[in-house]
Structure formats: structure tokens, C-alpha cells
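*Asks:* Contents of structure10.csv (CSV, C-alpha atoms) are given next:
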chain,number,residue,atom,x,y,z
G,378,MET,CA,0.0,0.0,0.0
G,379,ALA,CA,1.3,3.4,-0.9
G,380,ARG,CA,1.8,6.1,1.8
G,381,GLU,CA,-1.5,8.0,2.3
G,382,TYR,CA,-2.2,11.2,4.2
G,383,ALA,CA,-5.3,12.7,5.9
G,384,ARG,CA,-6.0,16.1,7.4
G,385,LEU,CA,-7.0,16.6,11.1
G,386,ARG,CA,-10.4,18.3,11.3
G,387,GLU,CA,-12.6,19.8,14.0
G,388,ARG,CA,-13.0,17.6,17.1
G,389,ASN,CA,-9.9,15.7,16.1
G,390,GLN,CA,-11.6,13.9,13.3
G,391,VAL,CA,-9.7,12.2,10.5
G,392,THR,CA,-11.2,10.3,7.5
G,393,LEU,CA,-9.3,7.0,6.9
G,394,PRO,CA,-8.3,6.6,3.3
G,395,ALA,CA,-10.4,4.0,1.5
G,396,SER,CA,-7.3,1.8,0.8
G,397,VAL,CA,-6.6,1.6,4.6
G,398,VAL,CA,-10.2,0.7,5.3
G,399,GLU,CA,-10.0,-2.0,2.7
G,400,GLN,CA,-6.6,-3.4,3.8
G,401,MET,CA,-7.8,-3.6,7.4
G,402,GLY,CA,-11.1,-5.3,6.4
G,403,LEU,CA,-13.1,-2.7,8.3
G,404,SER,CA,-16.8,-2.0,7.8
G,405,LEU,CA,-19.3,0.5,9.2
G,406,GLY,CA,-19.6,0.4,12.9
G,407,ASP,CA,-16.3,-1.4,13.5
G,408,ILE,CA,-14.0,-0.1,16.2
G,409,VAL,CA,-10.4,0.6,15.7
G,410,GLU,CA,-7.6,0.7,18.3
G,411,PHE,CA,-4.7,3.1,18.5
G,412,SER,CA,-1.7,1.8,20.4
G,413,PRO,CA,1.7,3.3,20.9
G,414,ASN,CA,4.4,1.9,18.7
G,415,GLY,CA,7.2,2.7,21.1
G,416,LYS,CA,8.8,5.3,18.7
G,417,GLY,CA,6.6,8.2,19.5
G,418,GLY,CA,3.9,7.3,17.0
G,419,VAL,CA,0.8,5.1,17.1
G,420,GLN,CA,-0.4,2.0,15.3
G,421,LEU,CA,-3.9,1.4,14.1
G,422,HIS,CA,-5.5,-2.0,14.5
G,423,PRO,CA,-9.1,-3.3,14.1
G,424,ALA,CA,-10.2,-3.6,17.8
G,425,LYS,CA,-12.1,-6.8,17.3
G,426,ILE,CA,-12.4,-9.4,20.0
G,427,VAL,CA,-10.5,-12.4,18.7
G,428,LYS,CA,-11.5,-16.1,18.7
G,429,VAL,CA,-10.3,-18.3,21.6
G,430,GLY,CA,-7.4,-20.5,20.5
G,431,SER,CA,-6.4,-18.4,17.4
G,432,ALA,CA,-2.9,-17.2,16.8
G,433,GLU,CA,-4.2,-13.6,17.3
G,434,ALA,CA,-5.5,-14.6,20.7
G,435,ARG,CA,-2.1,-16.0,21.7
G,436,ASN,CA,-0.5,-12.7,20.6
G,437,GLU,CA,-3.1,-10.7,22.6
G,438,GLU,CA,-2.5,-12.7,25.7
G,439,GLN,CA,1.3,-12.2,25.3
G,440,ASP,CA,0.7,-8.4,24.9
G,441,ALA,CA,-1.4,-8.4,28.0
G,442,LYS,CA,1.3,-10.2,30.0
G,443,ASN,CA,3.8,-7.7,28.7
G,444,ASP,CA,1.4,-4.9,29.9
G,445,ILE,CA,1.5,-6.4,33.4
G,446,GLN,CA,5.2,-7.0,33.4
G,447,GLU,CA,5.9,-3.4,32.2
G,448,GLY,CA,3.5,-1.8,34.7
G,449,ARG,CA,0.7,-0.9,32.2
G,450,TYR,CA,-2.1,-2.0,34.5
G,451,THR,CA,-4.6,-0.7,37.0
G,452,VAL,CA,-5.0,-2.1,40.4
G,453,ILE,CA,-8.6,-2.9,41.4
G,454,ARG,CA,-9.3,-3.5,45.1
G,455,SER,CA,-13.1,-3.3,45.1
G,456,VAL,CA,-16.2,-3.4,42.8
G,457,GLY,CA,-16.3,0.4,43.3
G,458,ASP,CA,-12.8,0.8,42.0
G,459,PHE,CA,-13.7,-1.3,39.0
G,460,ARG,CA,-16.8,0.7,38.2
G,461,LYS,CA,-14.8,4.0,38.3
G,462,HIS,CA,-12.2,2.3,36.1
G,463,VAL,CA,-14.8,1.2,33.5
G,464,GLU,CA,-16.4,4.7,33.6
G,465,LYS,CA,-13.0,6.2,32.6
G,466,LEU,CA,-12.5,3.6,29.9
G,467,ARG,CA,-15.9,4.4,28.4
G,468,LYS,CA,-15.1,8.1,28.4
G,469,GLY,CA,-11.9,7.3,26.6
G,470,GLU,CA,-9.7,8.5,29.5
G,471,MET,CA,-6.5,6.8,30.3
G,472,PRO,CA,-6.8,4.9,33.6
G,473,ASP,CA,-4.6,5.8,36.5
G,474,VAL,CA,-1.8,3.3,36.7
G,475,GLN,CA,-1.4,2.5,40.4
G,476,GLU,CA,1.2,0.6,42.3
G,477,SER,CA,0.0,-2.6,43.8
G,478,GLU,CA,-0.1,-2.5,47.7
G,479,THR,CA,2.0,-5.7,47.5
G,480,ASN,CA,4.7,-4.1,45.4
G,481,HIS,CA,4.2,-6.9,42.9
G,482,LEU,CA,5.1,-9.6,45.4
G,483,THR,CA,2.6,-12.3,45.9
G,484,GLU,CA,2.0,-13.7,49.5
G,485,SER,CA,4.2,-16.7,48.9
G,486,GLN,CA,7.0,-14.4,47.6
G,487,ARG,CA,6.6,-12.2,50.7
G,488,HIS,CA,7.0,-15.3,52.9
G,489,GLU,CA,10.2,-16.2,51.0
G,490,VAL,CA,11.6,-12.7,51.5
G,491,ALA,CA,10.8,-12.8,55.2
G,492,ALA,CA,12.5,-16.2,55.5
G,493,VAL,CA,15.7,-14.9,53.8
G,494,VAL,CA,15.8,-11.8,56.0
G,495,GLU,CA,15.2,-14.0,59.1
G,496,SER,CA,18.1,-16.3,58.2
G,497,ILE,CA,20.4,-13.4,57.5
G,498,LEU,CA,19.6,-11.8,60.8
G,499,LYS,CA,20.1,-15.2,62.6
G,500,LYS,CA,23.6,-15.5,61.0
G,501,LEU,CA,24.4,-11.9,61.9
G,502,LEU,CA,23.1,-12.0,65.5
G,503,PRO,CA,26.2,-13.8,67.1
G,504,SER,CA,28.6,-11.3,65.6
G,505,LEU,CA,26.4,-8.4,66.6
G,506,VAL,CA,26.4,-9.7,70.2
G,507,GLU,CA,30.2,-10.1,70.1
G,508,ALA,CA,30.6,-6.6,68.7
G,509,GLU,CA,28.5,-5.1,71.4
G,510,LYS,CA,30.5,-7.0,74.1
G,511,SER,CA,33.7,-5.7,72.7
G,512,ILE,CA,32.4,-2.1,72.5
G,513,ARG,CA,31.2,-2.3,76.2
G,514,LYS,CA,34.6,-3.7,77.2
G,515,ARG,CA,36.4,-0.9,75.5
G,516,HIS,CA,34.2,1.8,77.0
G,517,HIS,CA,34.7,0.2,80.4
G,518,GLU,CA,38.5,0.2,80.0
G,519,GLU,CA,38.5,3.8,78.8
G,520,ARG,CA,36.4,4.9,81.8
G,521,ALA,CA,38.8,3.1,84.1
G,522,ALA,CA,41.8,4.8,82.5
G,523,GLN,CA,40.1,8.2,82.9
G,524,ARG,CA,39.4,7.5,86.6
G,525,ARG,CA,43.0,6.5,87.2
G,526,GLN,CA,44.2,9.7,85.6
G,527,VAL,CA,41.8,11.7,87.9
F,467,MET,CA,-7.5,-12.8,52.7
F,468,LYS,CA,-6.9,-9.5,50.9
F,469,ARG,CA,-7.1,-9.9,47.1
F,470,GLU,CA,-6.3,-7.6,44.2
F,471,LEU,CA,-7.0,-7.5,40.5
F,472,ARG,CA,-4.6,-6.0,38.0
F,473,SER,CA,-6.4,-4.9,34.8
F,474,ALA,CA,-3.9,-5.0,31.9
F,475,GLY,CA,-4.0,-2.3,29.3
F,476,LYS,CA,-4.9,-4.9,26.7
F,477,PHE,CA,-7.9,-6.0,28.8
F,478,ASP,CA,-9.0,-2.4,29.2
F,479,ARG,CA,-9.0,-1.8,25.5
F,480,ARG,CA,-10.9,-5.0,24.8
F,481,LEU,CA,-13.4,-4.1,27.5
F,482,ALA,CA,-14.0,-0.7,25.9
F,483,SER,CA,-14.5,-2.4,22.6
F,484,LEU,CA,-17.0,-4.9,24.1
F,485,PHE,CA,-19.1,-2.0,25.6
F,486,GLU,CA,-19.2,-0.4,22.1
F,487,ALA,CA,-20.1,-3.7,20.5
F,488,LEU,CA,-22.9,-4.4,23.0
F,489,GLU,CA,-24.4,-1.0,22.7
F,490,GLY,CA,-27.8,-1.0,24.5
F,491,ARG,CA,-26.8,-3.8,26.8
F,492,GLU,CA,-24.3,-1.8,28.9
F,493,LYS,CA,-26.1,-2.4,32.2
F,494,GLU,CA,-26.2,-6.2,31.6
F,495,LEU,CA,-22.5,-6.2,30.8
F,496,GLN,CA,-21.6,-4.0,33.8
F,497,SER,CA,-23.6,-6.2,36.1
F,498,ARG,CA,-21.8,-9.4,34.9
F,499,LEU,CA,-18.5,-7.7,35.3
F,500,ASP,CA,-19.4,-6.5,38.8
F,501,GLY,CA,-20.3,-10.1,39.7
F,502,MET,CA,-17.1,-11.5,38.4
F,503,VAL,CA,-14.9,-8.8,40.0
F,504,LYS,CA,-16.7,-9.2,43.4
F,505,GLY,CA,-16.4,-13.0,43.2
F,506,LEU,CA,-12.7,-12.9,42.5
F,507,LEU,CA,-12.0,-10.3,45.2
F,508,ASP,CA,-14.1,-11.9,48.0
F,509,GLY,CA,-13.1,-15.4,47.2
F,510,SER,CA,-16.5,-16.7,46.3
F,511,ILE,CA,-15.3,-17.7,42.8
F,512,THR,CA,-12.6,-20.3,43.5
F,513,LYS,CA,-12.6,-22.4,40.3
F,514,ALA,CA,-12.6,-21.8,36.6
F,515,PRO,CA,-11.8,-23.8,33.4
F,516,GLU,CA,-8.2,-23.8,32.3
F,517,HIS,CA,-7.4,-21.6,29.3
F,518,HIS,CA,-3.9,-22.6,28.5
F,519,PRO,CA,-2.2,-25.3,30.5
F,520,THR,CA,1.3,-23.9,29.9
F,521,ASP,CA,0.8,-20.4,31.3
F,522,ASP,CA,-1.6,-20.9,34.3
F,523,THR,CA,-4.4,-18.9,32.6
F,524,CYS,CA,-8.1,-19.5,33.2
F,525,CYS,CA,-11.2,-18.2,31.7
F,526,LEU,CA,-14.7,-17.3,33.0
F,527,PRO,CA,-17.8,-16.7,30.8
F,528,LEU,CA,-18.8,-13.0,30.8
F,529,ILE,CA,-21.6,-12.4,28.3
F,530,ASP,CA,-22.9,-14.2,25.2
F,531,ASP,CA,-19.9,-16.2,23.9
F,532,PHE,CA,-17.3,-13.8,25.4
F,533,VAL,CA,-14.9,-15.0,28.1
F,534,VAL,CA,-12.5,-13.2,30.3
F,535,VAL,CA,-9.0,-14.6,30.3
F,536,PHE,CA,-7.1,-14.1,33.5
F,537,ARG,CA,-4.2,-15.4,35.5
F,538,PRO,CA,-4.2,-16.1,39.3
F,539,ASP,CA,-0.9,-15.9,41.1
F,540,ARG,CA,-1.5,-19.3,42.7
F,541,SER,CA,-3.5,-22.2,41.3
F,542,VAL,CA,-3.8,-26.0,41.4
F,543,ALA,CA,-5.4,-28.5,39.1
F,544,ALA,CA,-8.9,-29.5,40.3
F,545,GLY,CA,-10.1,-32.2,38.0
F,546,GLN,CA,-12.4,-31.9,35.1
F,547,ASP,CA,-16.0,-30.6,34.5
F,548,LYS,CA,-18.8,-32.4,32.8
F,549,ALA,CA,-17.6,-31.2,29.4
F,550,GLY,CA,-14.2,-32.7,30.0
F,551,ARG,CA,-12.4,-29.4,30.5
F,552,ASN,CA,-9.6,-29.1,33.0
F,553,ILE,CA,-10.6,-27.1,36.0
F,554,VAL,CA,-8.2,-25.0,38.0
F,555,SER,CA,-8.7,-24.0,41.7
F,556,PHE,CA,-7.3,-20.7,42.9
F,557,GLU,CA,-8.8,-20.3,46.4
F,558,ASN,CA,-5.4,-19.4,47.8
F,559,ALA,CA,-4.6,-16.8,45.2
F,560,SER,CA,-4.1,-13.2,46.3
F,561,MET,CA,-3.7,-11.5,42.9
F,562,PHE,CA,-5.5,-11.9,39.6
F,563,ASP,CA,-4.3,-10.5,36.3
F,564,LEU,CA,-7.1,-9.6,33.9
F,565,LEU,CA,-5.5,-10.2,30.6
F,566,THR,CA,-8.0,-10.1,27.7
F,567,ILE,CA,-11.5,-10.9,26.4
F,568,GLU,CA,-11.9,-13.6,23.7
F,569,ASP,CA,-14.8,-15.0,21.7
F,570,GLU,CA,-15.7,-18.7,22.1
F,571,ARG,CA,-18.1,-18.8,19.2
F,572,GLU,CA,-17.5,-21.7,16.8
Show me, as C-alpha cells, the structure contained in the file I just sent.
*Replies:*
Amino acid sequence: MAREYARLRERNQVTLPASVVEQMGLSLGDIVEFSPNGKGGVQLHPAKIVKVGSAEARNEEQDAKNDIQEGRYTVIRSVGDFRKHVEKLRKGEMPDVQESETNHLTESQRHEVAAVVESILKKLLPSLVEAEKSIRKRHHEERAAQRRQV
Amino acid sequence: MKRELRSAGKFDRRLASLFEALEGREKELQSRLDGMVKGLLDGSITKAPEHHPTDDTCCLPLIDDFVVVFRPDRSVAAGQDKAGRNIVSFENASMFDLLTIEDERE
């Protein structure tokens, strides 16, 4: 397909060239999706809901996993949160991307981190006790020396 | 147990498309979504058919032939349903990733 151009009109309207409509297999009432191409531009796709088990579906699932991995998600903690989220989507607003309260760690991962921290602390504890004893001893000796001088 | 959902950007776009596609049935769709979200958050939905065995994804029917594909952070195999589909149990999951919406029509 040759490069085509369109002019932006009032209310951000653009007419898609007929060749683009044909190539994308679009018809009246279809929805299109604009997604960032990572280079400052956007890509245009038909926003159809794909069939379970198709190659397109696998690609979509992988895209969604990438969204999650790269932080393009919204945290939902209640039905109220979800309704607000849907309302924004339907108005075409970008949802607020929030950090998860769990900082991306699942409960089992948090237990693993706690176990690692505990084992490190247990290993460090004897040397900390020894260090404290040695500091106390040194202070005691310094005070005794000061008293002798007095 | 405190649970959270993470709604992927892709899921959001598919959901917006579905609202457009089901114009006039928005309330029905919202009500089904609310039921699903509530069930996952409060732990009343604990099982779902397996979507892909290799990546721990499951799916739940939403409306008509559309299903929500999601991924719990913890799941175990829980036998098969009457249709012979593998069932996954995620009662101990604390996070669910909403990934996309797909069409099961033949």
C-alpha cells in the first residue's frame, strides 16, 4: 500500500483513506484501536475481539502479559474501584496506573523474602552480640583509665 | 484474605470495545463484570476452566460467547468438569491479572 495522508479536522476527526479501510477489512460500525508503537507514534488496528485458540488470541495474551510486566495495569481492590475504572475507559480516559499494595510480590514471595531476612539476621546475631560486648569492654577500659588519671 | 486485581492495558481496550459492540446492553455487561470482580475479590469464585495449560491462565464466561482470560498468582489442578475441560482451583490466590477478552463462538 502506498503512503497516504489525511487532514485533522474539527474535534480531532480524521477520515481513513479507502485503501486503509480495505486493507484492514473494516466496515461501518467497526471499532479501531490506536496503540503506541514505542517510537513516539501510534499503530492502528481493528479492535475486534478475537477467537479463543487463534494465533491472534495468543498474541493478545502475550501483549497483556507484557502490559502487566511493564507496569501498564490498573489495580482494582473493590467493585467500586472497578466501576470507576470502567467509567473512565468508556469516556476514553487513560486509567490511573497505580502501584500494587503488594509491590508486585505475591503472598508466597513475601514469605520467601521474610524467611531470607530472618536467616540473614540469625547469622548476623552472634557477631552483633560479640561486637556489642567488645564495645562495652572498650568503654569500660576507657572509663577506668580516665578514673586512674583523675 | 486480601485480594487484588490487575487490569492489563490490553484488557481495558478489549473491554472498551465490548461495551461499544454491545451498545444498548451496557447495564447487563456491567452487572456481569461486577459479579465477576466481586467473586474474585471476596473469594466466592474459586474455580474456573483452564485456558492454556502452559501459562496458568483460566477463563470465565462473561456475556454471550465472550470469556475473560485471567491469571491467578496461585492455582492448582482441580479435576475436570462435565464437558471434560480441565478445572483450576485458585482459592489461595491473592492477585489476579485480567489479561484479555476472547470470543468462544464456533
*Asks:* Find the residues with any atom within 7 Å of (-6.0, -15.4, 42.0); use all atoms listed in the file and the coordinates as given in the file, and write the answer as a PyMOL selection string.
*Replies:* chain F and resi 537-540+556+559-562
*Asks:* Between F:Glu572, F:Asp547, F:Leu565, F:Leu495, which one has atoms that come closest to chain G, using all atoms listed in the file?
*Replies:* F:Leu565
*Asks:* Which residues of chain G are close to chain F, meaning at most 9 Å apart when you count only C-alpha atoms, and how do they look as a PyMOL selection string?
*Replies:* chain G and resi 406-410+424-430+434+437-445+448-457+459-460+462-463+466-467+469+472+477-478+483-485
*Asks:* Give me a file of those residues, with C-alpha atoms, as a PDB file, keeping the file's coordinate frame.
*Replies:*
ATOM      1  CA  GLY G 406     -19.600   0.400  12.900  1.00  0.00           C
ATOM      2  CA  ASP G 407     -16.300  -1.400  13.500  1.00  0.00           C
ATOM      3  CA  ILE G 408     -14.000  -0.100  16.200  1.00  0.00           C
ATOM      4  CA  VAL G 409     -10.400   0.600  15.700  1.00  0.00           C
ATOM      5  CA  GLU G 410      -7.600   0.700  18.300  1.00  0.00           C
ATOM      6  CA  ALA G 424     -10.200  -3.600  17.800  1.00  0.00           C
ATOM      7  CA  LYS G 425     -12.100  -6.800  17.300  1.00  0.00           C
ATOM      8  CA  ILE G 426     -12.400  -9.400  20.000  1.00  0.00           C
ATOM      9  CA  VAL G 427     -10.500 -12.400  18.700  1.00  0.00           C
ATOM     10  CA  LYS G 428     -11.500 -16.100  18.700  1.00  0.00           C
ATOM     11  CA  VAL G 429     -10.300 -18.300  21.600  1.00  0.00           C
ATOM     12  CA  GLY G 430      -7.400 -20.500  20.500  1.00  0.00           C
ATOM     13  CA  ALA G 434      -5.500 -14.600  20.700  1.00  0.00           C
ATOM     14  CA  GLU G 437      -3.100 -10.700  22.600  1.00  0.00           C
ATOM     15  CA  GLU G 438      -2.500 -12.700  25.700  1.00  0.00           C
ATOM     16  CA  GLN G 439       1.300 -12.200  25.300  1.00  0.00           C
ATOM     17  CA  ASP G 440       0.700  -8.400  24.900  1.00  0.00           C
ATOM     18  CA  ALA G 441      -1.400  -8.400  28.000  1.00  0.00           C
ATOM     19  CA  LYS G 442       1.300 -10.200  30.000  1.00  0.00           C
ATOM     20  CA  ASN G 443       3.800  -7.700  28.700  1.00  0.00           C
ATOM     21  CA  ASP G 444       1.400  -4.900  29.900  1.00  0.00           C
ATOM     22  CA  ILE G 445       1.500  -6.400  33.400  1.00  0.00           C
ATOM     23  CA  GLY G 448       3.500  -1.800  34.700  1.00  0.00           C
ATOM     24  CA  ARG G 449       0.700  -0.900  32.200  1.00  0.00           C
ATOM     25  CA  TYR G 450      -2.100  -2.000  34.500  1.00  0.00           C
ATOM     26  CA  THR G 451      -4.600  -0.700  37.000  1.00  0.00           C
ATOM     27  CA  VAL G 452      -5.000  -2.100  40.400  1.00  0.00           C
ATOM     28  CA  ILE G 453      -8.600  -2.900  41.400  1.00  0.00           C
ATOM     29  CA  ARG G 454      -9.300  -3.500  45.100  1.00  0.00           C
ATOM     30  CA  SER G 455     -13.100  -3.300  45.100  1.00  0.00           C
ATOM     31  CA  VAL G 456     -16.200  -3.400  42.800  1.00  0.00           C
ATOM     32  CA  GLY G 457     -16.300   0.400  43.300  1.00  0.00           C
ATOM     33  CA  PHE G 459     -13.700  -1.300  39.000  1.00  0.00           C
ATOM     34  CA  ARG G 460     -16.800   0.700  38.200  1.00  0.00           C
ATOM     35  CA  HIS G 462     -12.200   2.300  36.100  1.00  0.00           C
ATOM     36  CA  VAL G 463     -14.800   1.200  33.500  1.00  0.00           C
ATOM     37  CA  LEU G 466     -12.500   3.600  29.900  1.00  0.00           C
ATOM     38  CA  ARG G 467     -15.900   4.400  28.400  1.00  0.00           C
ATOM     39  CA  GLY G 469     -11.900   7.300  26.600  1.00  0.00           C
ATOM     40  CA  PRO G 472      -6.800   4.900  33.600  1.00  0.00           C
ATOM     41  CA  SER G 477       0.000  -2.600  43.800  1.00  0.00           C
ATOM     42  CA  GLU G 478      -0.100  -2.500  47.700  1.00  0.00           C
ATOM     43  CA  THR G 483       2.600 -12.300  45.900  1.00  0.00           C
ATOM     44  CA  GLU G 484       2.000 -13.700  49.500  1.00  0.00           C
ATOM     45  CA  SER G 485       4.200 -16.700  48.900  1.00  0.00           C
TER      46      SER G 485
END
*Asks:* Please, what distance in Å, to one decimal, runs between atom CA of F:Asn552 and atom CA of G:Ser431?
*Replies:*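 Atom CA of F:Asn552 sits 19.2 Å away from atom CA of G:Ser431.
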*Asks:* If you measure from atom CA of G:Arg435 to atom CA of F:Pro515, what distance in Å do you get, rounded to one decimal?
*Replies:*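 Answer for the atom CA of G:Arg435 to atom CA of F:Pro515 separation: 17.1 Å.
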*Asks:* Figure out the distance between atom CA of F:Ile511 and atom CA of F:Ser555, please, to one decimal in Å.
*Replies:*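 Pair atom CA of F:Ser555 / atom CA of F:Ile511 returns 9.2 Å.
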